[in-house]
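Everything below concerns the one structure shown next.
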Amino acid sequence: MYFILIKINTRRNCLITNTSMENKHNKQEAEEKINYIYQVLQNIGNSERKSGFHYVIWGIAIALAMVAHYIFYINSAPRNATYTWIIITGLATVLSVTYSIKERRRIKAESNEKSHTSSVSLIFHTFLFLLLFVIHKTGLQPVPVIFLVYGAWLLATGSIIKFRLLIFGGILNWAMALTAIYVSLPYQLLLGALVCLLSYTLPGYLLNKRTFVNA
Amino acid sequence: MLKELDPLLHNSQLRLGVVSILITVKEAEFAYLCEQTKASEGNLSIQLKKLKEAGYIEIIKGYKGNFPLTTCKITTLGAKKFKAYIDALKSYIDFKQS
């Protein structure tokens, strides 16, 4: 009887040791798998090109158009300002569209992040287009409203791609929108040009730089 | 409580890698998967077929310009299974021996 009890106890201890070893092995294996998944996801993040091209181009274009508008305004030639806006934004659109077509041909996988930012961009630009119509009909001040919309867009995009400078750009646009209410058009144009360079061109350039460093 | 590990994902690092990639993208080209997983085309094709048969991914055959193009996309079932697999792995990591 005593012999049988000893045998059962030995067997039990052996089973506990085996189970413990198995659990340790499983835990180690689970950690390895999690690390592997993490590594795969990190490689994708590093290889993905987050292009800041559109921010750079549009930042420069709008800043140039605003400065030109200011010059024509103080020289009492507002009609020329309208033509300048049309020419500069037209050129920026051509450059943006050409770049987008080239990029679409080049990319082999569209990330969920990019898909979300594209949707956000489409929503905000449609909203802005409708808003411009409302501004035209109601006589609202265009500069504060436009900067408010772009501020929200930059904040949303910056949060999605987790790029803090775009978020700061968004806040700067909102600050500009509030300031624009209290200053006259010439100052709105000069301040607006500066804000465009700081909130679009600079983050766009740094986004490009960061992407090429990580790639 | 330890959860069961999905053998389709657990037994092949390549299949797990493919599903991990597809979970983060809307869709990915075959060449992109090859590049990211560093797998051979033949091996990748076999594993993609297995994942497709299990309903984890969708394989779309099309053209890009004049060239044939194979694109892969994760299905709802695939995303659900991947999440369950991660939860199962976590249960092993968090498991404390009493």
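In the structure tokens, chains take the letters A, B, ... in the order shown, each chain's residues start at 1, and ligands count up from 1 in the order shown.
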- Task: Output as a VMD selection string the set of chain B residues within 6 Å of chain A, with distances taken over only C-alpha atoms.
- Result: chain B and resid 24 to 29 32 89 92 to 93
Selected residues written out with N, CA and C atoms, as a PDB file, in the first residue's frame:
```pdb
ATOM      1  N   THR B  24      -3.298  45.183 -41.716  1.00  0.00           N
ATOM      2  CA  THR B  24      -3.006  46.625 -41.649  1.00  0.00           C
ATOM      3  C   THR B  24      -3.233  47.353 -42.966  1.00  0.00           C
ATOM      4  N   VAL B  25      -3.482  46.610 -44.034  1.00  0.00           N
ATOM      5  CA  VAL B  25      -3.683  47.271 -45.327  1.00  0.00           C
ATOM      6  C   VAL B  25      -5.071  46.970 -45.894  1.00  0.00           C
ATOM      7  N   LYS B  26      -5.482  47.848 -46.787  1.00  0.00           N
ATOM      8  CA  LYS B  26      -6.786  47.650 -47.429  1.00  0.00           C
ATOM      9  C   LYS B  26      -6.677  46.425 -48.336  1.00  0.00           C
ATOM     10  N   GLU B  27      -5.628  46.397 -49.147  1.00  0.00           N
ATOM     11  CA  GLU B  27      -5.299  45.251 -49.987  1.00  0.00           C
ATOM     12  C   GLU B  27      -3.829  45.332 -50.362  1.00  0.00           C
ATOM     13  N   ALA B  28      -3.235  44.180 -50.682  1.00  0.00           N
ATOM     14  CA  ALA B  28      -1.804  44.193 -51.012  1.00  0.00           C
ATOM     15  C   ALA B  28      -1.541  43.327 -52.222  1.00  0.00           C
ATOM     16  N   GLU B  29      -0.598  43.801 -53.037  1.00  0.00           N
ATOM     17  CA  GLU B  29      -0.223  43.031 -54.226  1.00  0.00           C
ATOM     18  C   GLU B  29       0.663  41.855 -53.815  1.00  0.00           C
ATOM     19  N   TYR B  32       4.237  42.719 -53.190  1.00  0.00           N
ATOM     20  CA  TYR B  32       4.438  43.403 -51.917  1.00  0.00           C
ATOM     21  C   TYR B  32       4.557  42.389 -50.775  1.00  0.00           C
ATOM     22  N   LEU B  89      -2.773  34.023 -27.736  1.00  0.00           N
ATOM     23  CA  LEU B  89      -1.344  34.195 -27.397  1.00  0.00           C
ATOM     24  C   LEU B  89      -1.200  34.947 -26.080  1.00  0.00           C
ATOM     25  N   TYR B  92      -1.637  32.845 -23.043  1.00  0.00           N
ATOM     26  CA  TYR B  92      -0.458  32.044 -22.695  1.00  0.00           C
ATOM     27  C   TYR B  92       0.581  32.901 -21.963  1.00  0.00           C
ATOM     28  N   ILE B  93       0.709  34.159 -22.451  1.00  0.00           N
ATOM     29  CA  ILE B  93       1.712  35.051 -21.839  1.00  0.00           C
ATOM     30  C   ILE B  93       1.284  35.444 -20.414  1.00  0.00           C
TER      31      ILE B  93
END
```
What's the 9 Å shell around Ala88 in chain B, counting only C-alpha atoms, without same-chain residues fewer than 3 positions away, as an mmCIF file with N, CA and C atoms, in the first residue's frame?
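So out_30.cif came out as:
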```
data_model
loop_
_atom_site.group_PDB
_atom_site.id
_atom_site.type_symbol
_atom_site.label_atom_id
_atom_site.label_comp_id
_atom_site.auth_asym_id
_atom_site.auth_seq_id
_atom_site.Cartn_x
_atom_site.Cartn_y
_atom_site.Cartn_z
ATOM 1 N N ALA A 30 4.579 31.749 -27.360
ATOM 2 C CA ALA A 30 3.596 32.823 -27.552
ATOM 3 C C ALA A 30 4.305 34.172 -27.629
ATOM 4 N N LEU B 2 -6.396 29.083 -20.563
ATOM 5 C CA LEU B 2 -5.651 29.073 -21.826
ATOM 6 C C LEU B 2 -6.600 28.846 -23.000
ATOM 7 N N LYS B 3 -6.431 29.652 -24.041
ATOM 8 C CA LYS B 3 -7.295 29.513 -25.217
ATOM 9 C C LYS B 3 -6.589 28.691 -26.280
ATOM 10 N N GLU B 4 -7.383 28.121 -27.165
ATOM 11 C CA GLU B 4 -6.801 27.259 -28.210
ATOM 12 C C GLU B 4 -6.128 28.118 -29.293
ATOM 13 N N LEU B 5 -4.965 27.692 -29.737
ATOM 14 C CA LEU B 5 -4.241 28.451 -30.767
ATOM 15 C C LEU B 5 -4.635 27.932 -32.148
ATOM 16 N N ASP B 6 -5.006 28.849 -33.021
ATOM 17 C CA ASP B 6 -5.431 28.476 -34.375
ATOM 18 C C ASP B 6 -4.249 27.831 -35.118
ATOM 19 N N LYS B 83 -7.639 38.166 -34.596
ATOM 20 C CA LYS B 83 -7.865 38.786 -33.291
ATOM 21 C C LYS B 83 -7.949 37.689 -32.216
ATOM 22 N N ALA B 84 -8.670 36.604 -32.546
ATOM 23 C CA ALA B 84 -8.811 35.497 -31.596
ATOM 24 C C ALA B 84 -7.443 34.866 -31.310
ATOM 25 N N TYR B 85 -6.607 34.783 -32.356
ATOM 26 C CA TYR B 85 -5.274 34.193 -32.197
ATOM 27 C C TYR B 85 -4.419 35.059 -31.265
ATOM 28 N N SER B 91 -3.281 34.983 -23.661
ATOM 29 C CA SER B 91 -3.660 34.115 -22.538
ATOM 30 C C SER B 91 -2.495 33.242 -22.097
ATOM 31 N N TYR B 92 -1.637 32.845 -23.043
ATOM 32 C CA TYR B 92 -0.458 32.044 -22.695
ATOM 33 C C TYR B 92 0.581 32.901 -21.963
ATOM 34 N N ILE B 93 0.709 34.159 -22.451
ATOM 35 C CA ILE B 93 1.712 35.051 -21.839
ATOM 36 C C ILE B 93 1.284 35.444 -20.414
#
```
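For range 80-86 of chain A, the non-local neighbours within 8 Å, defined as residues at least 3 positions apart in the same chain or in other chains and counting only C-alpha atoms, are Ala65, Ala68, His69, Phe72, Tyr73, Ala77, Thr89 and Gly90 of chain A.
If you measure from each of A:Ala63, A:Ile161, A:Gln42, A:Leu178 to Gln36 in chain B using only C-alpha atoms, the closest one turns out to be A:Gln42.
Minimum atom-to-atom distance to Ser12 in chain B, evaluated using only C-alpha atoms, belongs to B:Lys50 out of B:Lys61, B:Lys81, B:Lys90, B:Lys50.
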- Message: Just list as a PyMOL selection string whatever in range 3-97 of chain B DSSP marks as strand (DSSP E or B).
- Response: chain B and resi 25-29+57-64+67-74
